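Asker: What follows is data-v3.tsv, made up of TSV, C-alpha atoms and all ligand atoms:
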chain	number	residue	atom	x	y	z
A	1	MET	CA	-135.12	-83.66	202.77
A	2	THR	CA	-134.99	-85.39	206.16
A	3	ASN	CA	-131.98	-87.05	207.68
A	4	ASN	CA	-132.84	-90.50	208.92
A	5	PRO	CA	-130.49	-91.60	211.73
A	6	ASP	CA	-131.18	-95.32	211.18
A	7	VAL	CA	-130.80	-95.77	207.45
A	8	GLU	CA	-128.61	-93.81	205.09
A	9	THR	CA	-131.06	-92.97	202.33
A	10	ASP	CA	-128.80	-90.79	200.23
A	11	ILE	CA	-126.08	-93.23	199.22
A	12	ILE	CA	-123.72	-92.67	196.33
A	13	THR	CA	-123.60	-95.46	193.77
A	14	VAL	CA	-120.78	-95.66	191.27
A	15	THR	CA	-123.11	-94.50	188.47
A	16	ARG	CA	-124.23	-91.49	190.50
A	17	HIS	CA	-120.63	-90.72	191.37
A	18	ILE	CA	-119.57	-90.77	187.72
A	19	LEU	CA	-122.54	-88.68	186.64
A	20	GLU	CA	-121.79	-86.11	189.34
A	21	THR	CA	-118.06	-85.91	188.64
A	22	GLN	CA	-118.29	-86.70	184.91
A	23	SER	CA	-114.77	-87.01	183.64
A	24	THR	CA	-114.23	-85.01	180.50
A	25	ALA	CA	-111.36	-87.32	179.58
A	26	ALA	CA	-113.50	-90.45	179.70
A	27	ASP	CA	-116.49	-88.92	177.92
A	28	LYS	CA	-115.25	-85.83	176.10
A	29	GLN	CA	-118.62	-84.14	175.78
A	30	PRO	CA	-120.66	-86.18	178.27
A	31	THR	CA	-122.98	-88.27	176.11
A	32	GLY	CA	-123.70	-91.07	178.56
A	33	ASP	CA	-121.48	-93.44	176.57
A	34	PHE	CA	-118.97	-93.89	179.35
A	35	THR	CA	-121.74	-94.32	181.92
A	36	GLN	CA	-123.22	-97.07	179.76
A	37	LEU	CA	-119.83	-98.76	179.43
A	38	LEU	CA	-119.42	-98.54	183.18
A	39	ASN	CA	-122.80	-100.22	183.63
A	40	SER	CA	-121.66	-103.14	181.50
A	41	LEU	CA	-118.38	-103.35	183.41
A	42	GLN	CA	-120.30	-103.45	186.69
A	43	PHE	CA	-122.53	-106.18	185.33
A	44	ALA	CA	-119.45	-108.26	184.48
A	45	PHE	CA	-117.98	-107.71	187.97
A	46	LYS	CA	-121.24	-108.73	189.67
A	47	PHE	CA	-121.63	-111.80	187.47
A	48	ILE	CA	-118.01	-112.89	188.09
A	49	ALA	CA	-118.40	-112.24	191.85
A	50	HIS	CA	-121.55	-114.39	191.88
A	51	ASN	CA	-119.75	-117.29	190.19
A	52	ILE	CA	-116.73	-117.07	192.49
A	53	ARG	CA	-118.97	-117.09	195.57
A	54	ARG	CA	-120.77	-120.27	194.51
A	55	ALA	CA	-117.76	-121.96	192.86
A	56	THR	CA	-117.23	-124.66	195.46
A	57	LEU	CA	-120.93	-125.53	195.56
A	58	VAL	CA	-121.46	-125.97	191.84
A	59	ASN	CA	-118.13	-127.59	190.93
A	60	LEU	CA	-116.49	-124.55	189.35
A	61	ILE	CA	-113.17	-125.08	191.08
A	62	GLY	CA	-110.24	-126.77	189.38
A	63	LEU	CA	-108.82	-126.83	185.88
A	64	SER	CA	-110.82	-126.51	182.70
A	65	GLY	CA	-108.47	-128.82	180.76
A	66	THR	CA	-107.47	-125.98	178.42
A	67	ALA	CA	-104.50	-123.62	178.27
A	68	ASN	CA	-104.31	-119.99	177.17
A	69	LYS	CA	-101.93	-118.70	174.51
A	70	THR	CA	-98.87	-118.68	176.74
A	71	GLY	CA	-99.49	-122.20	177.90
A	72	ASP	CA	-100.91	-121.25	181.33
A	73	GLU	CA	-103.37	-123.90	182.41
A	74	GLN	CA	-106.79	-122.31	182.66
A	75	LYS	CA	-109.10	-122.72	185.60
A	76	LYS	CA	-112.78	-123.26	184.90
A	77	LEU	CA	-113.40	-119.84	186.37
A	78	ASP	CA	-110.77	-118.26	184.08
A	79	VAL	CA	-112.80	-119.42	181.10
A	80	ILE	CA	-116.14	-118.38	182.61
A	81	GLY	CA	-114.76	-114.99	183.70
A	82	ASP	CA	-113.41	-114.38	180.21
A	83	ASP	CA	-116.75	-115.31	178.57
A	84	ILE	CA	-118.67	-113.08	180.97
A	85	PHE	CA	-116.38	-110.16	180.26
A	86	ILE	CA	-116.41	-110.54	176.47
A	87	ASN	CA	-120.20	-110.87	176.35
A	88	ALA	CA	-120.74	-107.87	178.62
A	89	MET	CA	-118.39	-105.65	176.59
A	90	LYS	CA	-120.02	-106.77	173.33
A	91	ALA	CA	-123.51	-106.14	174.68
A	92	SER	CA	-122.59	-102.66	175.90
A	93	GLY	CA	-122.43	-101.46	172.29
A	94	LYS	CA	-119.78	-99.00	173.44
A	95	VAL	CA	-116.66	-101.13	173.01
A	96	LYS	CA	-114.93	-101.50	169.68
A	97	VAL	CA	-111.71	-103.26	170.73
A	98	LEU	CA	-111.18	-105.71	173.58
A	99	VAL	CA	-107.95	-107.28	174.82
A	100	SER	CA	-108.21	-110.07	177.38
A	101	GLU	CA	-105.37	-111.97	179.00
A	102	GLU	CA	-107.19	-115.16	178.07
A	103	GLN	CA	-107.45	-114.37	174.35
A	104	GLU	CA	-104.46	-114.62	172.02
A	105	ASP	CA	-105.68	-111.88	169.68
A	106	LEU	CA	-107.56	-108.71	170.27
A	107	ILE	CA	-111.29	-108.79	169.54
A	108	VAL	CA	-112.84	-106.14	167.29
A	109	PHE	CA	-116.60	-105.84	167.68
A	110	SER	CA	-118.97	-104.62	164.98
A	111	GLY	CA	-120.83	-101.38	165.64
A	112	ASP	CA	-119.51	-97.94	166.39
A	113	GLY	CA	-118.24	-98.32	169.94
A	114	LYS	CA	-115.72	-95.64	170.81
A	115	TYR	CA	-113.73	-97.36	173.52
A	116	ALA	CA	-111.00	-99.97	173.68
A	117	VAL	CA	-110.99	-102.07	176.85
A	118	VAL	CA	-108.04	-104.11	178.16
A	119	CYS	CA	-108.56	-106.65	180.93
A	120	ASP	CA	-107.41	-109.58	182.95
A	121	PRO	CA	-110.84	-111.09	183.76
A	122	ILE	CA	-109.67	-113.14	186.78
A	123	ASP	CA	-106.18	-112.28	187.96
A	124	GLY	CA	-104.53	-114.49	190.56
A	125	SER	CA	-106.59	-117.50	189.56
A	126	SER	CA	-104.01	-119.94	190.95
A	127	ASN	CA	-105.38	-118.83	194.35
A	128	LEU	CA	-109.02	-119.53	193.52
A	129	ASP	CA	-109.44	-123.01	194.93
A	130	ALA	CA	-108.06	-121.87	198.31
A	131	GLY	CA	-110.66	-119.12	198.59
A	132	VAL	CA	-108.01	-116.37	198.45
A	133	SER	CA	-109.01	-113.00	196.97
A	134	VAL	CA	-108.68	-112.64	193.20
A	135	GLY	CA	-109.76	-109.78	190.99
A	136	THR	CA	-110.58	-108.32	187.59
A	137	ILE	CA	-108.16	-105.65	186.30
A	138	PHE	CA	-109.30	-103.30	183.53
A	139	GLY	CA	-108.27	-100.24	181.57
A	140	VAL	CA	-110.21	-98.08	179.09
A	141	TYR	CA	-108.83	-96.13	176.12
A	142	ARG	CA	-110.81	-93.83	173.90
A	143	LEU	CA	-110.48	-94.74	170.22
A	144	GLY	CA	-108.52	-92.34	168.03
A	145	GLU	CA	-110.71	-89.90	166.04
A	146	SER	CA	-110.62	-91.79	162.75
A	147	SER	CA	-110.09	-95.32	164.08
A	148	ASN	CA	-112.27	-98.22	163.03
A	149	GLY	CA	-110.81	-100.39	165.75
A	150	SER	CA	-107.35	-101.87	165.39
A	151	ILE	CA	-104.34	-102.93	167.41
A	152	LYS	CA	-103.12	-99.32	167.29
A	153	ASP	CA	-105.92	-98.41	169.68
A	154	VAL	CA	-104.24	-100.41	172.44
A	155	LEU	CA	-100.51	-100.28	171.63
A	156	ARG	CA	-100.42	-96.88	173.30
A	157	PRO	CA	-98.76	-95.55	176.44
A	158	GLY	CA	-100.63	-96.17	179.65
A	159	LYS	CA	-100.88	-92.43	180.31
A	160	GLU	CA	-103.52	-92.28	177.54
A	161	LEU	CA	-105.95	-94.46	179.53
A	162	VAL	CA	-109.14	-92.55	180.32
A	163	ALA	CA	-110.26	-94.92	183.07
A	164	ALA	CA	-108.88	-97.94	184.91
A	165	GLY	CA	-109.29	-99.96	188.04
A	166	TYR	CA	-109.96	-103.35	189.49
A	167	THR	CA	-112.61	-105.26	191.34
A	168	MET	CA	-111.32	-107.46	194.15
A	169	TYR	CA	-113.47	-110.45	195.02
A	170	GLY	CA	-112.84	-110.95	198.72
A	171	ALA	CA	-115.08	-110.89	201.77
A	172	SER	CA	-117.00	-108.41	199.64
A	173	ALA	CA	-116.53	-107.23	196.06
A	174	ASN	CA	-114.56	-103.98	196.04
A	175	LEU	CA	-114.39	-101.80	192.93
A	176	VAL	CA	-111.51	-99.33	192.85
A	177	LEU	CA	-111.87	-96.87	189.99
A	178	THR	CA	-110.17	-93.84	188.49
A	179	THR	CA	-111.13	-91.66	185.56
A	180	GLY	CA	-108.08	-89.50	186.12
A	181	GLN	CA	-109.59	-87.33	188.85
A	182	GLY	CA	-108.37	-89.19	191.90
A	183	LEU	CA	-109.17	-92.68	193.09
A	184	ASP	CA	-112.37	-93.96	194.71
A	185	GLY	CA	-113.40	-97.28	196.22
A	186	PHE	CA	-116.89	-98.82	196.05
A	187	THR	CA	-118.24	-101.88	197.84
A	188	LEU	CA	-120.89	-104.12	196.32
A	189	ASP	CA	-124.09	-104.20	198.37
A	190	ASN	CA	-125.28	-107.67	197.40
A	191	ALA	CA	-128.89	-106.95	198.35
A	192	LEU	CA	-129.08	-103.75	196.31
A	193	GLY	CA	-126.85	-105.06	193.53
A	194	GLU	CA	-125.07	-101.71	193.51
A	195	PHE	CA	-121.48	-100.64	194.11
A	196	ILE	CA	-121.64	-98.02	196.89
A	197	LEU	CA	-118.99	-95.34	197.46
A	198	THR	CA	-117.24	-96.45	200.66
A	199	HIS	CA	-113.65	-95.21	200.11
A	200	PRO	CA	-113.76	-91.73	198.57
A	201	ASN	CA	-110.50	-90.17	197.43
A	202	ILE	CA	-108.09	-92.97	198.36
A	203	ARG	CA	-104.61	-91.66	199.18
A	204	ILE	CA	-101.72	-94.06	199.60
A	205	PRO	CA	-99.55	-93.35	202.68
A	206	ASN	CA	-96.21	-91.82	201.64
A	207	SER	CA	-94.24	-94.62	203.28
A	208	ARG	CA	-94.74	-97.83	205.22
A	209	ALA	CA	-92.30	-100.59	206.18
A	210	ILE	CA	-94.03	-103.38	204.24
A	211	TYR	CA	-92.63	-105.16	201.17
A	212	SER	CA	-94.49	-107.53	198.89
A	213	VAL	CA	-92.53	-109.70	196.45
A	214	ASN	CA	-92.15	-113.38	195.56
A	215	GLU	CA	-88.93	-114.02	197.43
A	216	GLY	CA	-88.72	-117.52	195.98
A	217	ASN	CA	-87.32	-115.85	192.86
A	218	SER	CA	-84.46	-114.18	194.74
A	219	GLN	CA	-81.72	-116.41	193.30
A	220	TYR	CA	-82.64	-115.06	189.84
A	221	TRP	CA	-82.74	-111.40	190.89
A	222	ALA	CA	-80.38	-108.75	189.56
A	223	GLU	CA	-77.79	-107.43	192.00
A	224	GLY	CA	-79.66	-104.15	192.62
A	225	THR	CA	-82.92	-105.95	193.36
A	226	ARG	CA	-81.21	-108.32	195.79
A	227	LYS	CA	-79.39	-105.50	197.59
A	228	TYR	CA	-82.58	-103.46	197.89
A	229	PHE	CA	-84.56	-106.22	199.59
A	230	GLU	CA	-81.54	-107.05	201.81
A	231	SER	CA	-81.52	-103.41	202.92
A	232	LEU	CA	-85.13	-103.71	204.05
A	233	LYS	CA	-84.46	-106.83	206.09
A	234	PHE	CA	-81.12	-105.73	207.54
A	235	PRO	CA	-81.35	-101.92	207.83
A	236	GLU	CA	-77.86	-100.43	208.21
A	237	ASP	CA	-79.08	-97.74	210.60
A	238	GLY	CA	-80.28	-100.40	213.04
A	239	SER	CA	-83.96	-99.49	212.55
A	240	LYS	CA	-86.68	-102.15	212.60
A	241	PRO	CA	-86.75	-104.41	209.52
A	242	TYR	CA	-89.69	-104.27	207.11
A	243	SER	CA	-92.60	-106.73	207.31
A	244	ALA	CA	-93.16	-109.11	204.39
A	245	ARG	CA	-96.67	-109.54	202.99
A	246	TYR	CA	-97.22	-111.50	199.77
A	247	ILE	CA	-100.55	-112.97	198.77
A	248	GLY	CA	-99.66	-113.90	195.19
A	249	SER	CA	-102.78	-112.16	193.84
A	250	MET	CA	-101.75	-108.84	192.35
A	251	VAL	CA	-105.14	-107.26	193.01
A	252	ALA	CA	-105.08	-108.18	196.70
A	253	ASP	CA	-101.42	-107.20	197.13
A	254	VAL	CA	-102.01	-103.84	195.40
A	255	HIS	CA	-105.22	-103.24	197.37
A	256	ARG	CA	-103.39	-103.69	200.67
A	257	THR	CA	-100.51	-101.53	199.44
A	258	LEU	CA	-102.95	-98.73	198.53
A	259	LEU	CA	-104.66	-98.79	201.90
A	260	TYR	CA	-101.68	-99.44	204.19
A	261	GLY	CA	-98.74	-98.21	202.11
A	262	GLY	CA	-95.53	-100.06	201.28
A	263	ILE	CA	-94.07	-101.50	198.10
A	264	PHE	CA	-95.24	-104.26	195.74
A	265	ALA	CA	-92.82	-105.57	193.13
A	266	TYR	CA	-92.65	-108.25	190.47
A	267	PRO	CA	-89.16	-107.56	189.10
A	268	ALA	CA	-87.70	-108.89	185.89
A	269	ASP	CA	-85.06	-111.50	186.69
A	270	LYS	CA	-82.60	-113.87	185.03
A	271	LYS	CA	-85.31	-116.47	184.47
A	272	SER	CA	-88.14	-114.11	183.44
A	273	LYS	CA	-86.19	-111.47	181.53
A	274	LYS	CA	-89.23	-109.20	181.19
A	275	GLY	CA	-90.83	-110.11	184.49
A	276	LYS	CA	-94.12	-111.96	184.78
A	277	LEU	CA	-96.84	-109.35	184.81
A	278	ARG	CA	-98.43	-107.98	181.65
A	279	LEU	CA	-97.92	-104.34	180.83
A	280	LEU	CA	-101.15	-103.53	179.02
A	281	TYR	CA	-103.84	-105.02	181.26
A	282	GLU	CA	-102.01	-105.46	184.59
A	283	GLY	CA	-99.19	-102.90	184.73
A	284	PHE	CA	-100.94	-99.90	183.14
A	285	PRO	CA	-104.24	-100.05	185.07
A	286	MET	CA	-102.47	-100.62	188.39
A	287	ALA	CA	-99.93	-97.86	187.67
A	288	PHE	CA	-102.76	-95.44	186.84
A	289	VAL	CA	-104.60	-96.40	190.03
A	290	VAL	CA	-101.51	-96.04	192.23
A	291	GLU	CA	-100.50	-92.68	190.72
A	292	GLN	CA	-104.02	-91.34	191.19
A	293	ALA	CA	-103.68	-92.18	194.88
A	294	GLY	CA	-100.39	-90.26	195.08
A	295	GLY	CA	-98.03	-93.22	194.66
A	296	ARG	CA	-95.55	-94.22	191.96
A	297	ALA	CA	-95.09	-97.12	189.53
A	298	ILE	CA	-91.82	-97.82	187.67
A	299	ASN	CA	-90.09	-100.63	185.80
A	300	ASP	CA	-86.69	-102.18	186.59
A	301	GLU	CA	-84.91	-99.32	184.84
A	302	GLY	CA	-86.71	-96.70	186.91
A	303	LYS	CA	-88.91	-95.63	183.97
A	304	ARG	CA	-92.45	-94.54	184.73
A	305	ILE	CA	-94.75	-97.45	183.80
A	306	LEU	CA	-97.40	-95.13	182.28
A	307	ASP	CA	-94.84	-93.73	179.80
A	308	LEU	CA	-94.02	-97.15	178.33
A	309	VAL	CA	-95.45	-98.16	174.95
A	310	PRO	CA	-96.19	-101.86	174.45
A	311	GLU	CA	-95.10	-103.47	171.20
A	312	GLU	CA	-97.50	-106.34	171.53
A	313	ILE	CA	-100.67	-106.86	173.51
A	314	HIS	CA	-99.37	-109.54	175.89
A	315	GLU	CA	-96.01	-107.85	176.55
A	316	ARG	CA	-94.54	-108.34	180.02
A	317	SER	CA	-92.70	-105.85	182.20
A	318	GLY	CA	-90.99	-105.71	185.56
A	319	ILE	CA	-93.19	-103.67	187.92
A	320	TRP	CA	-92.45	-101.78	191.13
A	321	LEU	CA	-95.31	-99.80	192.64
A	322	GLY	CA	-96.56	-98.34	195.88
A	323	SER	CA	-95.90	-95.48	198.29
A	324	LYS	CA	-93.92	-92.64	196.75
A	325	GLY	CA	-91.34	-92.69	199.54
A	326	GLU	CA	-90.79	-96.44	199.15
A	327	ILE	CA	-90.43	-96.32	195.34
A	328	ASP	CA	-88.04	-93.37	195.62
A	329	LYS	CA	-85.93	-95.51	197.92
A	330	ALA	CA	-86.04	-98.62	195.70
A	331	GLU	CA	-85.22	-96.58	192.60
A	332	LYS	CA	-81.80	-95.74	194.01
A	333	PHE	CA	-80.87	-99.43	193.92
A	334	LEU	CA	-82.24	-99.95	190.41
A	335	VAL	CA	-80.70	-97.13	188.44
A	401	LIG	P1	-102.24	-114.67	186.32
A	401	LIG	O1	-102.61	-113.50	185.47
A	401	LIG	O2	-101.91	-115.88	185.51
A	401	LIG	O3	-103.23	-114.92	187.41
A	401	LIG	O4	-100.83	-114.28	187.01
A	401	LIG	C1	-100.69	-113.05	187.64
A	401	LIG	C2	-100.49	-113.25	189.12
A	401	LIG	C3	-100.58	-111.98	189.90
A	401	LIG	O5	-101.86	-111.82	190.44
A	401	LIG	C4	-99.58	-112.17	190.98
A	401	LIG	O6	-99.04	-110.93	191.40
A	401	LIG	C5	-98.53	-113.04	190.36
A	401	LIG	O7	-99.18	-113.72	189.31
A	401	LIG	C6	-97.97	-114.04	191.30
A	401	LIG	O8	-97.01	-114.79	190.66
A	401	LIG	P2	-96.06	-115.81	191.43
A	401	LIG	O9	-96.87	-117.00	191.76
A	401	LIG	O10	-94.95	-116.10	190.46
A	401	LIG	O11	-95.55	-115.10	192.66
A	402	MG	MG	-103.09	-111.84	185.35
Would you write out, as structure tokens, the structure that this file holds?
Ligand code: AHM
Ligand code: MG
Answerer:
Amino acid sequence: MTNNPDVETDIITVTRHILETQSTAADKQPTGDFTQLLNSLQFAFKFIAHNIRRATLVNLIGLSGTANKTGDEQKKLDVIGDDIFINAMKASGKVKVLVSEEQEDLIVFSGDGKYAVVCDPIDGSSNLDAGVSVGTIFGVYRLGESSNGSIKDVLRPGKELVAAGYTMYGASANLVLTTGQGLDGFTLDNALGEFILTHPNIRIPNSRAIYSVNEGNSQYWAEGTRKYFESLKFPEDGSKPYSARYIGSMVADVHRTLLYGGIFAYPADKKSKKGKLRLLYEGFPMAFVVEQAGGRAINDEGKRILDLVPEEIHERSGIWLGSKGEIDKAEKFLV
């Protein structure tokens, strides 16, 4: 084998990476099933990325005129993203159960797929028309031994996920993926149509003076939450105050937090008693991702997010995640 100084000819695609590091959790005795599911996931990400890139040119911005089950107005791209995702998971032949933020009920496919997938097809869609980064969040469970596909396959603690991640659609499409053996980042090479390993073994810095929260909700915050953020802005020891960074797209805010460190929070408050974000397809995948990078994710009571068990598929939860040192600090104000 020669080493060409001009062109890297031995690149690692996400499929190659998974085949080489085959997670026993995701594919108990490697059968290729998980790799095939991953191919269908990648197809959905590429298709969604393609539509987001051309949205302004082909009139895909704006509202669709419909609302999802919780009354959120849907953007045209929310509906398209959801359709793309459902069709890709169905066509994979490997998925039995699918939960999407845009669908009131779970979907059970025919066939003998052995995975349950949970997803928010386009998270942060209120940012879409301004060209701000949005993303797809996903988690994968393995079906129970004797399951034929039911709600029980997804009303499980997040720690039972066998894979999770997100794809952020920004200047490029970035896939961040874990199968429980660390966290890796891949960047879509548009010409090749492949996600290439560009951020192997992502580790979140242990601390960083950056906080990310919607401060417009502060009048509804609990006392502990308010005091914690005050302490960052007015440090008692006279040290420099923290910087605020809030995009309003969970995927983009979490991505920055992973790479730079800091804390991201969407706490429960007096108005939204259980917070805003969804446990199953937003909280769990992001908590898994952050823990695999060496960080922490907890709820407003200081409980580990991945230990929680949802009672319904669209359940909400307060979420605090990020650098271990920053969550340790916040926890003291919460509990
Ligand atoms: P969505 O699933 O309807 O897009 O809502 C989730 C988004 C997250 O991406 C983001 O963290 C949060 O909502 C922002 O909410 P807010 O505008 O209340 O700050
Ligand atoms: Mg969402």
Asker: Using all atoms listed in the file, which residues have at least one atom no more than 12 Å from ligand MG 402 (chain A)? Output them as a PyMOL selection string.
Answerer: chain A and resi 68+70+72+74+78+82+100-102+118-127+134-138+166+248-251+276-283+285-286+314-316
Asker: If we count all atoms listed in the file, what is near Gly261 of chain A at a cut-off of 6 Å, once residues fewer than 2 positions away on the same chain are taken out, given as a list in words?
Answerer: Ile204, Pro205, Ser207, Arg208, Thr257, Leu258, Leu259 and Ser323 of chain A
Asker: Rank A:Arg245, A:Arg304, A:His50, A:Lys329 by their smallest atom-to-atom distance to ligand LIG 401 (chain A), using all atoms listed in the file, and report the top residue only.
Answerer: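 Closest candidate: A:Arg245.
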Asker: Could you check which of A:Asn217, A:Ser231, A:Ser317, A:Ser147 is closest to ligand LIG 401 (chain A), using only C-alpha atoms and all ligand atoms?
Answerer: A:Asn217
Asker: Check the smallest atom-to-atom distance from each of A:Phe264, A:Phe234, A:Phe288, A:Phe47 to ligand LIG 401 (chain A) using all atoms listed in the file, then report the winner.
Answerer: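 Using all atoms listed in the file, the shortest distance to ligand LIG 401 (chain A) belongs to A:Phe264.
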Asker: Using the partial input, fill out segment 237-250 of chain A with N, CA, C and O atoms; write the result as a short mmCIF file (atom, residue, chain, number, x, y, z; two decimals), keeping the file's coordinate frame.
Answerer:
data_model
loop_
_atom_site.label_atom_id
_atom_site.label_comp_id
_atom_site.auth_asym_id
_atom_site.auth_seq_id
_atom_site.Cartn_x
_atom_site.Cartn_y
_atom_site.Cartn_z
N ASP A 237 -79.00 -98.70 209.49
CA ASP A 237 -79.08 -97.74 210.60
C ASP A 237 -79.65 -98.38 211.87
O ASP A 237 -79.93 -97.70 212.84
N GLY A 238 -79.82 -99.70 211.84
CA GLY A 238 -80.28 -100.40 213.04
C GLY A 238 -81.77 -100.27 213.29
O GLY A 238 -82.29 -100.73 214.31
N SER A 239 -82.51 -99.64 212.34
CA SER A 239 -83.96 -99.49 212.55
C SER A 239 -84.65 -100.85 212.36
O SER A 239 -84.03 -101.83 211.93
N LYS A 240 -85.93 -100.89 212.68
CA LYS A 240 -86.68 -102.15 212.60
C LYS A 240 -86.77 -102.64 211.16
O LYS A 240 -87.01 -101.83 210.25
N PRO A 241 -86.61 -103.93 210.90
CA PRO A 241 -86.75 -104.41 209.52
C PRO A 241 -88.19 -104.31 209.03
O PRO A 241 -89.12 -104.21 209.84
N TYR A 242 -88.36 -104.33 207.72
CA TYR A 242 -89.69 -104.27 207.11
C TYR A 242 -90.44 -105.58 207.36
O TYR A 242 -89.84 -106.63 207.56
N SER A 243 -91.77 -105.52 207.28
CA SER A 243 -92.60 -106.73 207.31
C SER A 243 -92.82 -107.22 205.89
O SER A 243 -92.95 -106.41 204.97
N ALA A 244 -92.88 -108.53 205.70
CA ALA A 244 -93.16 -109.11 204.39
C ALA A 244 -94.63 -109.51 204.32
O ALA A 244 -95.17 -110.08 205.27
N ARG A 245 -95.28 -109.14 203.23
CA ARG A 245 -96.67 -109.54 202.99
C ARG A 245 -96.80 -109.88 201.52
O ARG A 245 -96.66 -109.01 200.67
N TYR A 246 -97.07 -111.14 201.18
CA TYR A 246 -97.22 -111.50 199.77
C TYR A 246 -98.34 -112.52 199.62
O TYR A 246 -98.24 -113.63 200.13
N ILE A 247 -99.41 -112.09 198.95
CA ILE A 247 -100.55 -112.97 198.77
C ILE A 247 -100.39 -113.79 197.49
O ILE A 247 -100.78 -114.96 197.44
N GLY A 248 -99.79 -113.19 196.46
CA GLY A 248 -99.66 -113.90 195.19
C GLY A 248 -100.84 -113.64 194.28
O GLY A 248 -101.03 -114.31 193.27
N SER A 249 -101.67 -112.67 194.65
CA SER A 249 -102.78 -112.16 193.84
C SER A 249 -102.49 -110.67 193.70
O SER A 249 -102.55 -109.94 194.70
N MET A 250 -102.16 -110.23 192.49
CA MET A 250 -101.75 -108.84 192.35
C MET A 250 -102.80 -107.88 192.88
O MET A 250 -102.49 -106.89 193.55
#
